[in-house]
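Visitor: The structure file model-v5.txt (compact mmCIF, N, CA and C atoms) is provided below.
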```txt
# COMPACT_ATOMS: atom_id res chain seq x y z
N MET A 1 -13.65 -3.02 -1.19
CA MET A 1 -12.49 -3.86 -1.33
C MET A 1 -12.65 -5.06 -0.41
N SER A 2 -12.37 -6.22 -0.93
CA SER A 2 -12.52 -7.44 -0.14
C SER A 2 -11.26 -8.28 -0.26
N VAL A 3 -10.24 -7.88 0.46
CA VAL A 3 -8.95 -8.54 0.37
C VAL A 3 -8.89 -9.66 1.40
N ILE A 4 -8.64 -10.86 0.92
CA ILE A 4 -8.43 -12.01 1.80
C ILE A 4 -7.01 -12.49 1.55
N THR A 5 -6.26 -12.63 2.62
CA THR A 5 -4.87 -13.04 2.46
C THR A 5 -4.46 -13.97 3.59
N VAL A 6 -3.47 -14.81 3.34
CA VAL A 6 -2.98 -15.77 4.32
C VAL A 6 -1.62 -15.29 4.82
N ASN A 7 -1.44 -15.33 6.14
CA ASN A 7 -0.18 -14.97 6.78
C ASN A 7 0.35 -13.58 6.43
N PRO A 8 -0.45 -12.56 6.64
CA PRO A 8 0.06 -11.21 6.38
C PRO A 8 1.15 -10.86 7.39
N ARG A 9 2.01 -9.92 7.03
CA ARG A 9 3.11 -9.52 7.90
C ARG A 9 2.68 -8.47 8.93
N PHE A 10 1.52 -7.85 8.74
CA PHE A 10 1.03 -6.81 9.64
C PHE A 10 -0.46 -6.64 9.39
N SER A 11 -1.10 -5.82 10.20
CA SER A 11 -2.52 -5.53 10.07
C SER A 11 -2.73 -4.24 9.29
N LEU A 12 -3.72 -4.22 8.43
CA LEU A 12 -4.04 -3.02 7.67
C LEU A 12 -4.76 -1.97 8.50
N GLY A 13 -5.44 -2.39 9.56
CA GLY A 13 -6.31 -1.47 10.27
C GLY A 13 -7.50 -1.14 9.40
N ARG A 14 -8.00 0.08 9.52
CA ARG A 14 -9.13 0.52 8.70
C ARG A 14 -8.63 0.77 7.28
N LEU A 15 -9.25 0.12 6.30
CA LEU A 15 -8.84 0.24 4.91
C LEU A 15 -9.65 1.33 4.23
N MET A 16 -8.94 2.31 3.65
CA MET A 16 -9.60 3.44 3.00
C MET A 16 -9.00 3.64 1.61
N ILE A 17 -9.76 4.30 0.74
CA ILE A 17 -9.29 4.66 -0.58
C ILE A 17 -9.81 6.07 -0.88
N THR A 18 -8.95 6.89 -1.43
CA THR A 18 -9.38 8.25 -1.77
C THR A 18 -10.39 8.18 -2.92
N ARG A 19 -11.22 9.18 -3.01
CA ARG A 19 -12.21 9.22 -4.08
C ARG A 19 -11.53 9.19 -5.46
N ASN A 20 -10.47 9.94 -5.60
CA ASN A 20 -9.75 9.98 -6.87
C ASN A 20 -9.21 8.60 -7.24
N ALA A 21 -8.62 7.91 -6.27
CA ALA A 21 -8.10 6.56 -6.53
C ALA A 21 -9.24 5.60 -6.85
N ARG A 22 -10.32 5.70 -6.14
CA ARG A 22 -11.48 4.82 -6.38
C ARG A 22 -12.02 5.02 -7.79
N ASP A 23 -12.06 6.27 -8.24
CA ASP A 23 -12.60 6.58 -9.57
C ASP A 23 -11.62 6.26 -10.69
N THR A 24 -10.33 6.12 -10.38
CA THR A 24 -9.30 5.94 -11.40
C THR A 24 -8.84 4.49 -11.52
N LEU A 25 -8.70 3.80 -10.40
CA LEU A 25 -8.07 2.48 -10.39
C LEU A 25 -9.09 1.36 -10.55
N LEU A 26 -8.68 0.30 -11.23
CA LEU A 26 -9.52 -0.89 -11.33
C LEU A 26 -9.47 -1.66 -10.02
N HIS A 27 -10.62 -2.17 -9.61
CA HIS A 27 -10.74 -2.89 -8.34
C HIS A 27 -9.72 -4.04 -8.25
N GLY A 28 -9.54 -4.79 -9.32
CA GLY A 28 -8.61 -5.91 -9.30
C GLY A 28 -7.17 -5.48 -9.07
N SER A 29 -6.78 -4.34 -9.63
CA SER A 29 -5.42 -3.83 -9.41
C SER A 29 -5.21 -3.46 -7.96
N VAL A 30 -6.22 -2.87 -7.34
CA VAL A 30 -6.13 -2.46 -5.94
C VAL A 30 -6.04 -3.69 -5.05
N ASP A 31 -6.92 -4.66 -5.26
CA ASP A 31 -6.91 -5.88 -4.44
C ASP A 31 -5.56 -6.58 -4.52
N ALA A 32 -5.04 -6.72 -5.73
CA ALA A 32 -3.74 -7.40 -5.90
C ALA A 32 -2.64 -6.63 -5.18
N ALA A 33 -2.64 -5.32 -5.29
CA ALA A 33 -1.62 -4.51 -4.64
C ALA A 33 -1.72 -4.59 -3.12
N ILE A 34 -2.91 -4.61 -2.59
CA ILE A 34 -3.07 -4.72 -1.13
C ILE A 34 -2.52 -6.05 -0.65
N ARG A 35 -2.79 -7.11 -1.38
CA ARG A 35 -2.23 -8.42 -1.00
C ARG A 35 -0.70 -8.37 -1.01
N ARG A 36 -0.13 -7.76 -2.03
CA ARG A 36 1.33 -7.63 -2.10
C ARG A 36 1.85 -6.82 -0.92
N HIS A 37 1.21 -5.71 -0.64
CA HIS A 37 1.61 -4.83 0.47
C HIS A 37 1.60 -5.60 1.79
N LEU A 38 0.55 -6.36 2.03
CA LEU A 38 0.44 -7.13 3.27
C LEU A 38 1.55 -8.17 3.44
N HIS A 39 2.09 -8.63 2.34
CA HIS A 39 3.13 -9.66 2.40
C HIS A 39 4.53 -9.09 2.27
N GLY A 40 4.65 -7.75 2.29
CA GLY A 40 5.97 -7.14 2.26
C GLY A 40 6.56 -7.00 0.88
N ASP A 41 5.76 -7.13 -0.16
CA ASP A 41 6.20 -6.83 -1.51
C ASP A 41 5.85 -5.37 -1.74
N TRP A 42 6.82 -4.50 -1.58
CA TRP A 42 6.59 -3.06 -1.56
C TRP A 42 6.44 -2.46 -2.95
N GLY A 43 6.44 -3.29 -3.96
CA GLY A 43 6.21 -2.80 -5.32
C GLY A 43 7.42 -2.09 -5.89
N ASP A 44 7.19 -0.90 -6.41
CA ASP A 44 8.22 -0.17 -7.15
C ASP A 44 8.96 0.87 -6.31
N VAL A 45 9.20 0.56 -5.05
CA VAL A 45 10.04 1.45 -4.24
C VAL A 45 11.50 1.10 -4.50
N ASP A 46 12.39 2.06 -4.28
CA ASP A 46 13.81 1.74 -4.46
C ASP A 46 14.29 0.94 -3.25
N LYS A 47 15.52 0.42 -3.34
CA LYS A 47 16.05 -0.44 -2.28
C LYS A 47 16.09 0.26 -0.93
N SER A 48 16.44 1.53 -0.93
CA SER A 48 16.50 2.29 0.31
C SER A 48 15.13 2.36 0.98
N ASP A 49 14.10 2.68 0.21
CA ASP A 49 12.75 2.75 0.78
C ASP A 49 12.26 1.37 1.21
N GLY A 50 12.68 0.35 0.51
CA GLY A 50 12.34 -1.01 0.92
C GLY A 50 12.94 -1.34 2.28
N ARG A 51 14.18 -0.90 2.50
CA ARG A 51 14.82 -1.12 3.81
C ARG A 51 14.12 -0.31 4.90
N VAL A 52 13.69 0.90 4.57
CA VAL A 52 12.94 1.72 5.54
C VAL A 52 11.67 0.98 5.95
N ASN A 53 10.97 0.39 4.99
CA ASN A 53 9.77 -0.38 5.32
C ASN A 53 10.09 -1.58 6.22
N GLU A 54 11.16 -2.30 5.89
CA GLU A 54 11.53 -3.45 6.70
C GLU A 54 11.89 -3.02 8.13
N ASP A 55 12.61 -1.91 8.26
CA ASP A 55 12.91 -1.38 9.59
C ASP A 55 11.64 -0.96 10.31
N ALA A 56 10.70 -0.37 9.57
CA ALA A 56 9.43 0.05 10.18
C ALA A 56 8.66 -1.15 10.74
N LEU A 57 8.75 -2.28 10.07
CA LEU A 57 8.09 -3.47 10.59
C LEU A 57 8.73 -3.93 11.90
N LYS A 58 10.04 -3.77 12.01
CA LYS A 58 10.74 -4.21 13.23
C LYS A 58 10.63 -3.21 14.37
N TYR A 59 10.77 -1.92 14.04
CA TYR A 59 10.92 -0.90 15.09
C TYR A 59 9.78 0.11 15.15
N GLY A 60 8.88 0.03 14.21
CA GLY A 60 7.76 0.97 14.15
C GLY A 60 7.99 2.02 13.09
N GLY A 61 6.95 2.41 12.47
CA GLY A 61 7.02 3.42 11.42
C GLY A 61 6.00 3.15 10.34
N ARG A 62 5.81 4.14 9.52
CA ARG A 62 4.83 4.05 8.45
C ARG A 62 5.37 3.19 7.31
N LEU A 63 4.46 2.50 6.64
CA LEU A 63 4.82 1.65 5.51
C LEU A 63 4.30 2.27 4.22
N LEU A 64 5.13 2.33 3.20
CA LEU A 64 4.75 2.89 1.91
C LEU A 64 5.09 1.92 0.80
N SER A 65 4.10 1.59 0.00
CA SER A 65 4.31 0.79 -1.20
C SER A 65 3.90 1.61 -2.41
N VAL A 66 4.55 1.34 -3.53
CA VAL A 66 4.26 2.02 -4.78
C VAL A 66 3.96 0.96 -5.84
N TYR A 67 2.85 1.12 -6.51
CA TYR A 67 2.45 0.16 -7.56
C TYR A 67 2.02 0.91 -8.80
N HIS A 68 1.92 0.17 -9.89
CA HIS A 68 1.42 0.71 -11.16
C HIS A 68 0.37 -0.26 -11.71
N THR A 69 -0.69 0.30 -12.26
CA THR A 69 -1.69 -0.52 -12.92
C THR A 69 -1.11 -1.01 -14.25
N PRO A 70 -1.73 -1.99 -14.89
CA PRO A 70 -1.24 -2.45 -16.19
C PRO A 70 -1.13 -1.33 -17.24
N ASP A 71 -1.96 -0.30 -17.11
CA ASP A 71 -1.87 0.80 -18.07
C ASP A 71 -1.00 1.95 -17.57
N GLY A 72 -0.22 1.71 -16.50
CA GLY A 72 0.81 2.65 -16.08
C GLY A 72 0.42 3.70 -15.06
N VAL A 73 -0.77 3.61 -14.48
CA VAL A 73 -1.17 4.58 -13.46
C VAL A 73 -0.48 4.23 -12.14
N LYS A 74 0.26 5.19 -11.60
CA LYS A 74 1.00 5.01 -10.35
C LYS A 74 0.07 5.27 -9.18
N PHE A 75 0.14 4.39 -8.16
CA PHE A 75 -0.61 4.62 -6.93
C PHE A 75 0.17 4.12 -5.73
N TRP A 76 -0.19 4.64 -4.59
CA TRP A 76 0.49 4.31 -3.34
C TRP A 76 -0.46 3.60 -2.40
N ILE A 77 0.12 2.81 -1.52
CA ILE A 77 -0.58 2.27 -0.35
C ILE A 77 0.25 2.64 0.86
N ILE A 78 -0.38 3.32 1.80
CA ILE A 78 0.31 3.77 3.02
C ILE A 78 -0.40 3.20 4.23
N THR A 79 0.35 2.49 5.08
CA THR A 79 -0.16 2.01 6.35
C THR A 79 0.47 2.85 7.45
N GLU A 80 -0.37 3.39 8.31
CA GLU A 80 0.10 4.25 9.40
C GLU A 80 0.96 3.45 10.37
N ALA A 81 1.84 4.14 11.08
CA ALA A 81 2.81 3.50 11.98
C ALA A 81 2.14 2.65 13.06
N ASP A 82 0.97 3.05 13.51
CA ASP A 82 0.28 2.29 14.55
C ASP A 82 -0.66 1.22 13.98
N TYR A 83 -0.62 1.02 12.67
CA TYR A 83 -1.44 0.03 11.96
C TYR A 83 -2.94 0.26 12.14
N SER A 84 -3.31 1.49 12.45
CA SER A 84 -4.73 1.79 12.64
C SER A 84 -5.46 2.00 11.31
N ALA A 85 -4.72 2.33 10.26
CA ALA A 85 -5.36 2.62 8.98
C ALA A 85 -4.38 2.43 7.83
N THR A 86 -4.94 2.04 6.70
CA THR A 86 -4.20 1.93 5.45
C THR A 86 -5.01 2.65 4.39
N THR A 87 -4.30 3.47 3.60
CA THR A 87 -4.98 4.25 2.56
C THR A 87 -4.39 3.95 1.19
N VAL A 88 -5.25 3.75 0.23
CA VAL A 88 -4.87 3.63 -1.18
C VAL A 88 -5.11 5.00 -1.80
N LEU A 89 -4.09 5.55 -2.47
CA LEU A 89 -4.22 6.88 -3.03
C LEU A 89 -3.33 7.06 -4.24
N LEU A 90 -3.65 8.05 -5.03
CA LEU A 90 -2.78 8.46 -6.11
C LEU A 90 -1.81 9.50 -5.55
N PRO A 91 -0.61 9.61 -6.12
CA PRO A 91 0.37 10.58 -5.59
C PRO A 91 -0.20 11.99 -5.48
N GLU A 92 -1.02 12.42 -6.41
CA GLU A 92 -1.58 13.77 -6.34
C GLU A 92 -2.60 13.94 -5.23
N ASP A 93 -3.04 12.83 -4.61
CA ASP A 93 -3.98 12.91 -3.48
C ASP A 93 -3.27 13.20 -2.17
N TYR A 94 -1.95 13.07 -2.13
CA TYR A 94 -1.19 13.20 -0.89
C TYR A 94 -1.15 14.62 -0.42
```
Can the structure in the file be given as structure tokens, please?

Guide:
Amino acid sequence: MSVITVNPRFSLGRLMITRNARDTLLHGSVDAAIRRHLHGDWGDVDKSDGRVNEDALKYGGRLLSVYHTPDGVKFWIITEADYSATTVLLPEDY
């Protein structure tokens, strides 16, 4: 993955992807979602989870985004509370 972005809201840390996600998701979908995640577009989370993410940016905590590929495959991006790592995964990988 080679994500280049301008003015991200936080650091991804070490970027990882589960084997299942790597084998299932198209590279372009992952790159686009990571850019969205970095800019605080949390994807398909509900308003409550969006507020949790915004609070996590201010006070600390894990960040969770939910996205779907054009063909409807759901995947998550999770950044750890200390920003040491971000993982792209399918829900069944959790």

Visitor: Looking only at strand (DSSP E or B) from DSSP on the backbone, list the matching residues of chain A as a PyMOL selection string.

Guide: chain A and resi 14-17+43+63-68+74-79+85-89

Visitor: If I take atom N of A:Asp44 and atom C of A:Leu12, how far is one from the other in Å, to one decimal?

Guide: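 Atom-to-atom, atom N of A:Asp44 and atom C of A:Leu12 are spaced 19.1 Å apart.
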
Visitor: Write out as a ChimeraX atom specification which residues come within 6.5 Å of stretch 36-39 of chain A when counting all atoms listed in the file, dropping same-chain ones fewer than 5 positions away.

Guide: /A:7-10,31,65

Visitor: Mind giving me the straight-line distance from atom N of A:Ser84 to atom N of A:Gly72 in Å, one decimal?

Guide: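 These atoms are spaced 29.1 Å apart.
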
Visitor: Would you list, as a compact mmCIF listing (two decimals) with N, CA and C atoms, in the coordinates of the input, the residues of stretch 25-56 of chain A that end up in alpha helix (DSSP H) under DSSP run on this structure's backbone?

Guide:
```txt
# COMPACT_ATOMS: atom_id res chain seq x y z
N HIS A 27 -10.62 -2.17 -9.61
CA HIS A 27 -10.74 -2.89 -8.34
C HIS A 27 -9.72 -4.04 -8.25
N GLY A 28 -9.54 -4.79 -9.32
CA GLY A 28 -8.61 -5.91 -9.30
C GLY A 28 -7.17 -5.48 -9.07
N SER A 29 -6.78 -4.34 -9.63
CA SER A 29 -5.42 -3.83 -9.41
C SER A 29 -5.21 -3.46 -7.96
N VAL A 30 -6.22 -2.87 -7.34
CA VAL A 30 -6.13 -2.46 -5.94
C VAL A 30 -6.04 -3.69 -5.05
N ASP A 31 -6.92 -4.66 -5.26
CA ASP A 31 -6.91 -5.88 -4.44
C ASP A 31 -5.56 -6.58 -4.52
N ALA A 32 -5.04 -6.72 -5.73
CA ALA A 32 -3.74 -7.40 -5.90
C ALA A 32 -2.64 -6.63 -5.18
N ALA A 33 -2.64 -5.32 -5.29
CA ALA A 33 -1.62 -4.51 -4.64
C ALA A 33 -1.72 -4.59 -3.12
N ILE A 34 -2.91 -4.61 -2.59
CA ILE A 34 -3.07 -4.72 -1.13
C ILE A 34 -2.52 -6.05 -0.65
N ARG A 35 -2.79 -7.11 -1.38
CA ARG A 35 -2.23 -8.42 -1.00
C ARG A 35 -0.70 -8.37 -1.01
N ARG A 36 -0.13 -7.76 -2.03
CA ARG A 36 1.33 -7.63 -2.10
C ARG A 36 1.85 -6.82 -0.92
N HIS A 37 1.21 -5.71 -0.64
CA HIS A 37 1.61 -4.83 0.47
C HIS A 37 1.60 -5.60 1.79
N LEU A 38 0.55 -6.36 2.03
CA LEU A 38 0.44 -7.13 3.27
C LEU A 38 1.55 -8.17 3.44
N LYS A 47 15.52 0.42 -3.34
CA LYS A 47 16.05 -0.44 -2.28
C LYS A 47 16.09 0.26 -0.93
N SER A 48 16.44 1.53 -0.93
CA SER A 48 16.50 2.29 0.31
C SER A 48 15.13 2.36 0.98
N ASP A 49 14.10 2.68 0.21
CA ASP A 49 12.75 2.75 0.78
C ASP A 49 12.26 1.37 1.21
N GLY A 50 12.68 0.35 0.51
CA GLY A 50 12.34 -1.01 0.92
C GLY A 50 12.94 -1.34 2.28
N ARG A 51 14.18 -0.90 2.50
CA ARG A 51 14.82 -1.12 3.81
C ARG A 51 14.12 -0.31 4.90
N VAL A 52 13.69 0.90 4.57
CA VAL A 52 12.94 1.72 5.54
C VAL A 52 11.67 0.98 5.95
N ASN A 53 10.97 0.39 4.99
CA ASN A 53 9.77 -0.38 5.32
C ASN A 53 10.09 -1.58 6.22
N GLU A 54 11.16 -2.30 5.89
CA GLU A 54 11.53 -3.45 6.70
C GLU A 54 11.89 -3.02 8.13
N ASP A 55 12.61 -1.91 8.26
CA ASP A 55 12.91 -1.38 9.59
C ASP A 55 11.64 -0.96 10.31
N ALA A 56 10.70 -0.37 9.57
CA ALA A 56 9.43 0.05 10.18
C ALA A 56 8.66 -1.15 10.74
```

Visitor: As an exercise, work out the distance from atom N of A:Val52 to atom CA of A:Val66 in Å and give it to one decimal place.

Guide: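 These atoms are spaced 13.3 Å apart.
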
Visitor: Using only C-alpha atoms, which protein or nucleic acid residues come within 12 Å of A:Asp71? Drop anything in the same chain fewer than 5 positions from it, and give the result as a list in words.

Guide: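 Near neighbours after the sequence-gap exclusion: Thr24, Leu25, Leu26 and Ser29 of chain A.
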